[in-house]
$ cat entry19.cif   # mmCIF, C-alpha atoms
data_structure
loop_
_atom_site.group_PDB
_atom_site.id
_atom_site.type_symbol
_atom_site.label_atom_id
_atom_site.label_comp_id
_atom_site.auth_asym_id
_atom_site.auth_seq_id
_atom_site.Cartn_x
_atom_site.Cartn_y
_atom_site.Cartn_z
ATOM 1 C CA MET A 12 77.084 25.893 58.827
ATOM 2 C CA ILE A 13 79.209 22.846 58.020
ATOM 3 C CA ARG A 14 78.918 19.726 60.144
ATOM 4 C CA THR A 15 80.302 16.197 59.891
ATOM 5 C CA THR A 16 79.116 13.233 61.937
ATOM 6 C CA SER A 17 81.123 10.047 62.478
ATOM 7 C CA LEU A 18 83.024 10.767 59.275
ATOM 8 C CA ARG A 19 85.408 8.079 58.132
ATOM 9 C CA PHE A 20 87.335 7.672 54.900
ATOM 10 C CA ALA A 21 89.838 5.131 53.638
ATOM 11 C CA TYR A 22 92.149 4.888 50.669
ATOM 12 C CA GLN A 23 92.528 1.312 49.514
ATOM 13 C CA ASN A 24 95.568 -0.253 47.926
ATOM 14 C CA THR A 25 96.533 -3.862 47.296
ATOM 15 C CA LYS A 26 97.856 -4.420 50.812
ATOM 16 C CA THR A 27 95.882 -2.430 53.360
ATOM 17 C CA HIS A 28 93.434 0.334 54.160
ATOM 18 C CA THR A 29 94.765 3.612 55.513
ATOM 19 C CA PHE A 30 92.164 5.497 57.509
ATOM 20 C CA TYR A 31 92.749 9.227 57.701
ATOM 21 C CA PHE A 32 89.605 10.047 59.633
ATOM 22 C CA PRO A 33 88.451 7.552 62.251
ATOM 23 C CA ASP A 34 84.922 8.775 63.101
ATOM 24 C CA ILE A 35 85.705 12.484 63.036
ATOM 25 C CA ASP A 36 83.051 15.014 64.095
ATOM 26 C CA LEU A 37 83.453 18.652 63.092
ATOM 27 C CA SER A 38 81.205 21.683 63.252
ATOM 28 C CA PHE A 39 81.872 25.251 62.195
ATOM 29 C CA GLU A 40 79.438 28.078 61.587
ATOM 30 C CA GLN A 41 81.874 30.764 60.455
ATOM 31 C CA ASN A 42 85.532 30.887 59.434
ATOM 32 C CA ALA A 43 87.829 28.033 60.353
ATOM 33 C CA LEU A 44 91.469 27.149 59.793
ATOM 34 C CA ILE A 45 92.448 23.469 59.592
ATOM 35 C CA LEU A 46 96.120 22.839 60.295
ATOM 36 C CA GLY A 47 98.204 19.706 59.992
ATOM 37 C CA ASN A 48 101.369 18.246 58.572
ATOM 38 C CA SER A 49 101.656 17.238 54.925
ATOM 39 C CA GLY A 50 100.120 13.843 54.192
ATOM 40 C CA ILE A 51 97.824 13.774 57.201
ATOM 41 C CA GLY A 52 94.684 14.090 55.092
ATOM 42 C CA LYS A 53 93.744 17.784 55.049
ATOM 43 C CA THR A 54 93.019 17.802 51.310
ATOM 44 C CA THR A 55 91.028 14.576 51.617
ATOM 45 C CA LEU A 56 88.851 16.183 54.286
ATOM 46 C CA LEU A 57 88.256 19.204 52.082
ATOM 47 C CA HIS A 58 87.279 16.988 49.133
ATOM 48 C CA LEU A 59 84.870 15.058 51.355
ATOM 49 C CA ILE A 60 83.149 18.267 52.455
ATOM 50 C CA ALA A 61 82.892 19.358 48.810
ATOM 51 C CA GLY A 62 81.359 16.037 47.768
ATOM 52 C CA LEU A 63 84.292 15.193 45.511
ATOM 53 C CA LEU A 64 84.946 12.044 47.572
ATOM 54 C CA ILE A 65 82.412 9.725 49.200
ATOM 55 C CA PRO A 66 82.993 8.811 52.867
ATOM 56 C CA LYS A 67 83.175 5.200 53.947
ATOM 57 C CA LYS A 68 80.965 6.113 56.888
ATOM 58 C CA GLY A 69 79.220 9.169 58.303
ATOM 59 C CA ASN A 70 77.567 12.262 56.908
ATOM 60 C CA ILE A 71 78.417 15.786 55.823
ATOM 61 C CA PHE A 72 75.856 18.550 56.252
ATOM 62 C CA ILE A 73 76.090 21.949 54.572
ATOM 63 C CA GLY A 74 73.317 24.009 56.062
ATOM 64 C CA ASN A 75 70.310 21.682 56.104
ATOM 65 C CA THR A 76 71.572 19.656 53.137
ATOM 66 C CA CYS A 77 73.069 16.211 53.673
ATOM 67 C CA VAL A 78 75.595 15.893 50.865
ATOM 68 C CA GLN A 79 75.378 12.081 50.809
ATOM 69 C CA GLU A 80 71.619 12.129 50.128
ATOM 70 C CA LEU A 81 71.985 14.068 46.870
ATOM 71 C CA THR A 82 71.985 12.323 43.509
ATOM 72 C CA ARG A 83 74.989 12.917 41.272
ATOM 73 C CA ASN A 84 73.147 15.593 39.259
ATOM 74 C CA GLN A 85 71.804 17.241 42.414
ATOM 75 C CA LEU A 86 75.289 17.261 43.930
ATOM 76 C CA ASN A 87 76.826 18.777 40.805
ATOM 77 C CA ASN A 88 74.201 21.536 40.801
ATOM 78 C CA PHE A 89 74.537 22.123 44.542
ATOM 79 C CA ARG A 90 78.319 22.288 44.366
ATOM 80 C CA GLY A 91 78.254 24.554 41.312
ATOM 81 C CA LYS A 92 75.998 27.084 43.042
ATOM 82 C CA GLN A 93 76.808 26.823 46.732
ATOM 83 C CA ILE A 94 80.452 25.728 47.014
ATOM 84 C CA GLY A 95 83.590 27.526 45.922
ATOM 85 C CA ILE A 96 86.741 25.404 45.840
ATOM 86 C CA ILE A 97 90.235 26.847 45.681
ATOM 87 C CA PHE A 98 92.398 23.891 44.754
ATOM 88 C CA GLN A 99 96.048 23.525 45.725
ATOM 89 C CA ARG A 100 96.720 22.239 42.221
ATOM 90 C CA THR A 101 95.126 24.741 39.909
ATOM 91 C CA TYR A 102 92.686 23.701 37.167
ATOM 92 C CA PHE A 103 92.110 25.994 34.211
ATOM 93 C CA ILE A 104 91.422 25.946 30.500
ATOM 94 C CA LYS A 105 94.952 27.035 29.694
ATOM 95 C CA SER A 106 94.240 27.923 26.074
ATOM 96 C CA LEU A 107 91.728 30.574 27.206
ATOM 97 C CA THR A 108 92.428 33.909 28.838
ATOM 98 C CA LEU A 109 92.155 34.666 32.533
ATOM 99 C CA LEU A 110 88.954 36.626 31.880
ATOM 100 C CA GLU A 111 87.421 33.858 29.770
ATOM 101 C CA ASN A 112 88.057 31.323 32.542
ATOM 102 C CA LEU A 113 86.228 33.549 35.022
ATOM 103 C CA LYS A 114 83.258 34.003 32.671
ATOM 104 C CA ILE A 115 82.960 30.228 32.199
ATOM 105 C CA ARG A 116 82.962 29.684 35.986
ATOM 106 C CA GLU A 117 80.182 32.225 36.366
ATOM 107 C CA LYS A 118 78.155 30.527 33.649
ATOM 108 C CA LEU A 119 78.555 27.090 35.237
ATOM 109 C CA SER A 120 77.182 28.396 38.539
ATOM 110 C CA LYS A 121 73.931 29.353 36.726
ATOM 111 C CA LYS A 122 73.829 32.576 38.694
ATOM 112 C CA THR A 123 73.360 36.074 37.327
ATOM 113 C CA THR A 124 76.573 37.421 35.809
ATOM 114 C CA ASP A 125 77.985 40.366 37.758
ATOM 115 C CA GLN A 126 80.482 42.204 35.572
ATOM 116 C CA GLN A 127 81.336 44.771 38.255
ATOM 117 C CA ARG A 128 82.158 42.036 40.757
ATOM 118 C CA ARG A 129 84.384 40.337 38.194
ATOM 119 C CA ILE A 130 86.272 43.578 37.551
ATOM 120 C CA ARG A 131 86.608 44.271 41.282
ATOM 121 C CA LEU A 132 88.031 40.820 42.045
ATOM 122 C CA ILE A 133 90.523 41.093 39.201
ATOM 123 C CA GLU A 134 91.669 44.471 40.518
ATOM 124 C CA GLN A 135 91.920 43.318 44.144
ATOM 125 C CA LEU A 136 94.006 40.319 43.132
ATOM 126 C CA GLU A 137 96.231 42.565 40.993
ATOM 127 C CA LEU A 138 95.411 40.695 37.797
ATOM 128 C CA THR A 139 94.106 43.607 35.702
ATOM 129 C CA GLU A 140 97.186 43.827 33.483
ATOM 130 C CA VAL A 141 97.064 40.116 32.630
ATOM 131 C CA ARG A 142 93.283 39.636 32.358
ATOM 132 C CA ASN A 143 93.505 39.081 28.601
ATOM 133 C CA LYS A 144 96.532 36.803 28.709
ATOM 134 C CA LYS A 145 96.235 33.067 28.119
ATOM 135 C CA VAL A 146 96.519 31.098 31.337
ATOM 136 C CA TYR A 147 99.664 29.302 30.139
ATOM 137 C CA GLU A 148 101.334 32.725 29.909
ATOM 138 C CA LEU A 149 100.732 33.525 33.584
ATOM 139 C CA SER A 150 103.230 33.109 36.397
ATOM 140 C CA GLU A 151 102.646 30.560 39.162
ATOM 141 C CA GLY A 152 101.587 33.279 41.580
ATOM 142 C CA GLN A 153 99.159 34.778 39.045
ATOM 143 C CA ARG A 154 97.611 31.363 38.432
ATOM 144 C CA GLN A 155 97.118 30.877 42.136
ATOM 145 C CA ARG A 156 95.384 34.249 42.428
ATOM 146 C CA LEU A 157 93.193 33.321 39.445
ATOM 147 C CA SER A 158 92.306 30.086 41.232
ATOM 148 C CA ILE A 159 91.135 32.175 44.199
ATOM 149 C CA ALA A 160 88.997 34.361 41.919
ATOM 150 C CA LEU A 161 87.453 31.235 40.340
ATOM 151 C CA GLY A 162 86.603 29.897 43.786
ATOM 152 C CA ILE A 163 84.661 32.953 44.947
ATOM 153 C CA ILE A 164 83.375 34.689 41.783
ATOM 154 C CA HIS A 165 79.891 33.105 42.102
ATOM 155 C CA LYS A 166 79.317 34.138 45.755
ATOM 156 C CA PRO A 167 79.224 30.614 47.186
ATOM 157 C CA LYS A 168 77.816 29.852 50.625
ATOM 158 C CA VAL A 169 80.858 27.692 51.394
ATOM 159 C CA ILE A 170 84.429 28.590 50.418
ATOM 160 C CA LEU A 171 86.920 25.725 50.702
ATOM 161 C CA ALA A 172 90.541 26.727 50.194
ATOM 162 C CA ASP A 173 93.411 24.239 49.939
ATOM 163 C CA GLU A 174 96.766 25.925 50.671
ATOM 164 C CA PRO A 175 95.689 29.213 49.003
ATOM 165 C CA THR A 176 98.874 31.060 50.030
ATOM 166 C CA SER A 177 101.513 28.408 49.322
ATOM 167 C CA ASN A 178 102.972 30.132 46.247
ATOM 168 C CA LEU A 179 102.516 33.716 47.427
ATOM 169 C CA ASP A 180 104.967 36.140 49.012
ATOM 170 C CA ASP A 181 104.162 37.790 52.359
ATOM 171 C CA LYS A 182 102.483 40.810 50.772
ATOM 172 C CA ASN A 183 100.137 38.771 48.586
ATOM 173 C CA CYS A 184 99.524 36.285 51.393
ATOM 174 C CA GLU A 185 98.125 39.099 53.554
ATOM 175 C CA LYS A 186 96.032 40.441 50.664
ATOM 176 C CA VAL A 187 94.547 37.048 49.784
ATOM 177 C CA ILE A 188 93.585 36.157 53.357
ATOM 178 C CA SER A 189 92.023 39.591 53.875
ATOM 179 C CA LEU A 190 90.101 39.241 50.600
ATOM 180 C CA LEU A 191 88.823 35.751 51.443
ATOM 181 C CA LYS A 192 87.631 36.873 54.874
ATOM 182 C CA LYS A 193 86.003 39.964 53.382
ATOM 183 C CA GLU A 194 84.208 37.945 50.690
ATOM 184 C CA ALA A 195 83.024 35.428 53.290
ATOM 185 C CA ARG A 196 81.603 38.293 55.330
ATOM 186 C CA ILE A 197 79.900 39.953 52.326
ATOM 187 C CA CYS A 198 78.402 36.695 51.035
ATOM 188 C CA LYS A 199 77.687 35.334 54.542
ATOM 189 C CA SER A 200 79.729 32.272 53.652
ATOM 190 C CA ASN A 201 81.542 29.615 55.644
ATOM 191 C CA LEU A 202 85.260 29.986 54.895
ATOM 192 C CA VAL A 203 87.395 26.907 55.567
ATOM 193 C CA ILE A 204 91.122 27.053 54.840
ATOM 194 C CA ILE A 205 93.463 24.094 55.150
ATOM 195 C CA THR A 206 97.153 24.837 55.259
ATOM 196 C CA HIS A 207 100.501 24.273 56.890
ATOM 197 C CA ASP A 208 101.392 27.944 56.233
ATOM 198 C CA GLN A 209 101.898 29.420 59.713
ATOM 199 C CA ARG A 210 101.486 32.963 58.327
ATOM 200 C CA VAL A 211 97.741 32.315 58.071
ATOM 201 C CA LYS A 212 97.253 31.262 61.709
ATOM 202 C CA PRO A 213 96.984 34.747 63.329
ATOM 203 C CA HIS A 214 94.091 35.644 61.008
ATOM 204 C CA PHE A 215 91.706 33.032 62.458
ATOM 205 C CA ASP A 216 90.213 32.525 65.902
ATOM 206 C CA LYS A 217 89.072 28.946 65.282
ATOM 207 C CA HIS A 218 91.835 26.415 64.641
ATOM 208 C CA ILE A 219 91.351 22.699 64.051
ATOM 209 C CA ILE A 220 94.443 20.507 64.284
ATOM 210 C CA LEU A 221 94.441 17.196 62.398
#
$ encode --input "entry19.cif" --output "structure tokens"
Amino acid sequence: MIRTTSLRFAYQNTKTHTFYFPDIDLSFEQNALILGNSGIGKTTLLHLIAGLLIPKKGNIFIGNTCVQELTRNQLNNFRGKQIGIIFQRTYFIKSLTLLENLKIREKLSKKTTDQQRRIRLIEQLELTEVRNKKVYELSEGQRQRLSIALGIIHKPKVILADEPTSNLDDKNCEKVISLLKKEARICKSNLVIITHDQRVKPHFDKHIIL
């Protein structure tokens, strides 16, 4: 379960503060889709939940853990094991292969390596033929699918996905959403997707509009 209480965040520049979330309270126990126009703060909210940003006010709870009460080392360990993040802007070690990137992510989670799961994810995301290619050799769509694999390979309890279908055609959009929902069900995870992609909307019962 993910819950926020009186959550507020502000970006500061030389002239003013811009508050994206004036005392926002959210709660979701299963899958949720967060919708909103570009620039409204969807990615900021996702980064707050993940502990990548610190709120100006309020708390974020993941299960019984209050993210703000963790030390930096505790938060890094908690995030590495319990949270899977699928970033809109992909982050890889581009000089390594697709497979090597996945193995590193598994190692960082400090969980038992599951070779069969790795193979299955690669197959389901149609990346088998490029698994030994360097990341810089992959297409944009292949990189996005790799980003999805990196976000869920370690069976996190929370999956946070930022525009996971933005660079995918209709066929791969359907496959990715089905895979994310399936993985959330298998791992008993909270799946939270933020997007402006209207193709995703019919796949979720719970919608949150920012």
$ closest_residue --input "entry19.cif" --among "A:Met12, A:Leu179, A:Val169, A:Ile197" --to "Glu151 (chain A)" --atoms "all atoms listed in the file"
A:Leu179
$ closest_atom_pairs --input "entry19.cif" --of "region 144-201 of chain A" --to "region 110-114 of chain A" --cutoff "10 Å" --atoms "only C-alpha atoms" --output "JSON lines"
{"residue": "A:Lys144", "atom": "CA", "partner": "A:Leu110", "partner_atom": "CA", "distance": 8.2}
{"residue": "A:Lys145", "atom": "CA", "partner": "A:Leu110", "partner_atom": "CA", "distance": 8.9}
{"residue": "A:Val146", "atom": "CA", "partner": "A:Asn112", "partner_atom": "CA", "distance": 8.6}
{"residue": "A:Leu157", "atom": "CA", "partner": "A:Leu113", "partner_atom": "CA", "distance": 8.3}
{"residue": "A:Ser158", "atom": "CA", "partner": "A:Leu113", "partner_atom": "CA", "distance": 9.4}
{"residue": "A:Ala160", "atom": "CA", "partner": "A:Leu113", "partner_atom": "CA", "distance": 7.5}
{"residue": "A:Leu161", "atom": "CA", "partner": "A:Leu113", "partner_atom": "CA", "distance": 5.9}
{"residue": "A:Gly162", "atom": "CA", "partner": "A:Leu113", "partner_atom": "CA", "distance": 9.5}
{"residue": "A:Ile164", "atom": "CA", "partner": "A:Leu113", "partner_atom": "CA", "distance": 7.4}
{"residue": "A:His165", "atom": "CA", "partner": "A:Leu113", "partner_atom": "CA", "distance": 9.5}
$ closest_residue --input "entry19.cif" --among "A:Asn87, A:Ile115, A:Asp216, A:Leu37" --to "Arg129 (chain A)" --atoms "only C-alpha atoms"
A:Ile115
$ residues_near_point --input "entry19.cif" --point "(95.1, 27.5, 53.0)" --cutoff "6 Å" --atoms "all atoms listed in the file" --output "ChimeraX atom specification"
/A:172-176,204-206
$ resolve_selection --input "entry19.cif" --expression "the PyMOL selection byres ((chain A and resi 215) around 12)" --output "VMD selection string"
chain A and resid 41 to 46 188 to 189 191 to 192 202 to 205 209 to 214 216 to 219
$ closest_residue --input "entry19.cif" --among "A:Leu136, A:Leu107, A:Ser38, A:Ser150" --to "Glu185 (chain A)" --atoms "all atoms listed in the file"
A:Leu136
$ build_atoms --input "entry19.cif" --residues "region 130-165 of chain A" --atoms "N, CA and C atoms" --output "PDB file, keeping the file's coordinate frame"
ATOM      1  N   ILE A 130      85.242  42.541  37.690  1.00  0.00           N
ATOM      2  CA  ILE A 130      86.272  43.578  37.551  1.00  0.00           C
ATOM      3  C   ILE A 130      86.923  43.871  38.903  1.00  0.00           C
ATOM      4  N   ARG A 131      86.080  43.953  39.950  1.00  0.00           N
ATOM      5  CA  ARG A 131      86.608  44.271  41.282  1.00  0.00           C
ATOM      6  C   ARG A 131      87.552  43.181  41.786  1.00  0.00           C
ATOM      7  N   LEU A 132      87.170  41.914  41.597  1.00  0.00           N
ATOM      8  CA  LEU A 132      88.031  40.820  42.045  1.00  0.00           C
ATOM      9  C   LEU A 132      89.365  40.824  41.304  1.00  0.00           C
ATOM     10  N   ILE A 133      89.300  41.044  40.000  1.00  0.00           N
ATOM     11  CA  ILE A 133      90.523  41.093  39.201  1.00  0.00           C
ATOM     12  C   ILE A 133      91.448  42.203  39.697  1.00  0.00           C
ATOM     13  N   GLU A 134      90.864  43.350  40.012  1.00  0.00           N
ATOM     14  CA  GLU A 134      91.669  44.471  40.518  1.00  0.00           C
ATOM     15  C   GLU A 134      92.260  44.156  41.885  1.00  0.00           C
ATOM     16  N   GLN A 135      91.452  43.603  42.787  1.00  0.00           N
ATOM     17  CA  GLN A 135      91.920  43.318  44.144  1.00  0.00           C
ATOM     18  C   GLN A 135      93.020  42.261  44.161  1.00  0.00           C
ATOM     19  N   LEU A 136      92.977  41.358  43.212  1.00  0.00           N
ATOM     20  CA  LEU A 136      94.006  40.319  43.132  1.00  0.00           C
ATOM     21  C   LEU A 136      95.166  40.724  42.230  1.00  0.00           C
ATOM     22  N   GLU A 137      95.156  41.989  41.810  1.00  0.00           N
ATOM     23  CA  GLU A 137      96.231  42.565  40.993  1.00  0.00           C
ATOM     24  C   GLU A 137      96.468  41.752  39.719  1.00  0.00           C
ATOM     25  N   LEU A 138      95.358  41.471  39.032  1.00  0.00           N
ATOM     26  CA  LEU A 138      95.411  40.695  37.797  1.00  0.00           C
ATOM     27  C   LEU A 138      94.927  41.499  36.589  1.00  0.00           C
ATOM     28  N   THR A 139      94.671  42.785  36.780  1.00  0.00           N
ATOM     29  CA  THR A 139      94.106  43.607  35.702  1.00  0.00           C
ATOM     30  C   THR A 139      94.980  43.600  34.458  1.00  0.00           C
ATOM     31  N   GLU A 140      96.284  43.729  34.635  1.00  0.00           N
ATOM     32  CA  GLU A 140      97.186  43.827  33.483  1.00  0.00           C
ATOM     33  C   GLU A 140      97.303  42.528  32.699  1.00  0.00           C
ATOM     34  N   VAL A 141      96.923  41.415  33.319  1.00  0.00           N
ATOM     35  CA  VAL A 141      97.064  40.116  32.630  1.00  0.00           C
ATOM     36  C   VAL A 141      95.706  39.471  32.353  1.00  0.00           C
ATOM     37  N   ARG A 142      94.615  40.226  32.496  1.00  0.00           N
ATOM     38  CA  ARG A 142      93.283  39.636  32.358  1.00  0.00           C
ATOM     39  C   ARG A 142      93.025  39.061  30.972  1.00  0.00           C
ATOM     40  N   ASN A 143      93.704  39.573  29.969  1.00  0.00           N
ATOM     41  CA  ASN A 143      93.505  39.081  28.601  1.00  0.00           C
ATOM     42  C   ASN A 143      94.629  38.157  28.132  1.00  0.00           C
ATOM     43  N   LYS A 144      95.476  37.755  29.048  1.00  0.00           N
ATOM     44  CA  LYS A 144      96.532  36.803  28.709  1.00  0.00           C
ATOM     45  C   LYS A 144      96.009  35.375  28.825  1.00  0.00           C
ATOM     46  N   LYS A 145      96.549  34.484  27.993  1.00  0.00           N
ATOM     47  CA  LYS A 145      96.235  33.067  28.119  1.00  0.00           C
ATOM     48  C   LYS A 145      96.795  32.557  29.453  1.00  0.00           C
ATOM     49  N   VAL A 146      96.106  31.592  30.027  1.00  0.00           N
ATOM     50  CA  VAL A 146      96.519  31.098  31.337  1.00  0.00           C
ATOM     51  C   VAL A 146      97.938  30.529  31.311  1.00  0.00           C
ATOM     52  N   TYR A 147      98.320  29.878  30.204  1.00  0.00           N
ATOM     53  CA  TYR A 147      99.664  29.302  30.139  1.00  0.00           C
ATOM     54  C   TYR A 147     100.759  30.378  30.124  1.00  0.00           C
ATOM     55  N   GLU A 148     100.365  31.628  29.898  1.00  0.00           N
ATOM     56  CA  GLU A 148     101.334  32.725  29.909  1.00  0.00           C
ATOM     57  C   GLU A 148     101.512  33.336  31.302  1.00  0.00           C
ATOM     58  N   LEU A 149     100.692  32.933  32.249  1.00  0.00           N
ATOM     59  CA  LEU A 149     100.732  33.525  33.584  1.00  0.00           C
ATOM     60  C   LEU A 149     101.816  32.892  34.443  1.00  0.00           C
ATOM     61  N   SER A 150     102.279  33.646  35.432  1.00  0.00           N
ATOM     62  CA  SER A 150     103.230  33.109  36.397  1.00  0.00           C
ATOM     63  C   SER A 150     102.498  32.195  37.379  1.00  0.00           C
ATOM     64  N   GLU A 151     103.250  31.461  38.174  1.00  0.00           N
ATOM     65  CA  GLU A 151     102.646  30.560  39.162  1.00  0.00           C
ATOM     66  C   GLU A 151     101.807  31.335  40.168  1.00  0.00           C
ATOM     67  N   GLY A 152     102.326  32.466  40.627  1.00  0.00           N
ATOM     68  CA  GLY A 152     101.587  33.279  41.580  1.00  0.00           C
ATOM     69  C   GLY A 152     100.307  33.847  40.985  1.00  0.00           C
ATOM     70  N   GLN A 153     100.348  34.258  39.723  1.00  0.00           N
ATOM     71  CA  GLN A 153      99.159  34.778  39.045  1.00  0.00           C
ATOM     72  C   GLN A 153      98.108  33.691  38.871  1.00  0.00           C
ATOM     73  N   ARG A 154      98.558  32.479  38.563  1.00  0.00           N
ATOM     74  CA  ARG A 154      97.611  31.363  38.432  1.00  0.00           C
ATOM     75  C   ARG A 154      96.943  31.065  39.767  1.00  0.00           C
ATOM     76  N   GLN A 155      97.713  31.149  40.831  1.00  0.00           N
ATOM     77  CA  GLN A 155      97.118  30.877  42.136  1.00  0.00           C
ATOM     78  C   GLN A 155      96.080  31.934  42.492  1.00  0.00           C
ATOM     79  N   ARG A 156      96.360  33.189  42.167  1.00  0.00           N
ATOM     80  CA  ARG A 156      95.384  34.249  42.428  1.00  0.00           C
ATOM     81  C   ARG A 156      94.146  34.097  41.543  1.00  0.00           C
ATOM     82  N   LEU A 157      94.341  33.620  40.305  1.00  0.00           N
ATOM     83  CA  LEU A 157      93.193  33.321  39.445  1.00  0.00           C
ATOM     84  C   LEU A 157      92.358  32.196  40.051  1.00  0.00           C
ATOM     85  N   SER A 158      93.016  31.192  40.597  1.00  0.00           N
ATOM     86  CA  SER A 158      92.306  30.086  41.232  1.00  0.00           C
ATOM     87  C   SER A 158      91.421  30.591  42.368  1.00  0.00           C
ATOM     88  N   ILE A 159      91.915  31.581  43.105  1.00  0.00           N
ATOM     89  CA  ILE A 159      91.135  32.175  44.199  1.00  0.00           C
ATOM     90  C   ILE A 159      89.921  32.901  43.643  1.00  0.00           C
ATOM     91  N   ALA A 160      90.122  33.664  42.555  1.00  0.00           N
ATOM     92  CA  ALA A 160      88.997  34.361  41.919  1.00  0.00           C
ATOM     93  C   ALA A 160      87.943  33.365  41.429  1.00  0.00           C
ATOM     94  N   LEU A 161      88.380  32.257  40.835  1.00  0.00           N
ATOM     95  CA  LEU A 161      87.453  31.235  40.340  1.00  0.00           C
ATOM     96  C   LEU A 161      86.644  30.619  41.479  1.00  0.00           C
ATOM     97  N   GLY A 162      87.267  30.529  42.645  1.00  0.00           N
ATOM     98  CA  GLY A 162      86.603  29.897  43.786  1.00  0.00           C
ATOM     99  C   GLY A 162      85.540  30.755  44.441  1.00  0.00           C
ATOM    100  N   ILE A 163      85.595  32.076  44.229  1.00  0.00           N
ATOM    101  CA  ILE A 163      84.661  32.953  44.947  1.00  0.00           C
ATOM    102  C   ILE A 163      83.810  33.834  44.036  1.00  0.00           C
ATOM    103  N   ILE A 164      84.050  33.788  42.711  1.00  0.00           N
ATOM    104  CA  ILE A 164      83.375  34.689  41.783  1.00  0.00           C
ATOM    105  C   ILE A 164      81.856  34.560  41.850  1.00  0.00           C
ATOM    106  N   HIS A 165      81.329  33.364  42.147  1.00  0.00           N
ATOM    107  CA  HIS A 165      79.891  33.105  42.102  1.00  0.00           C
ATOM    108  C   HIS A 165      79.204  33.250  43.457  1.00  0.00           C
TER     109      HIS A 165
END
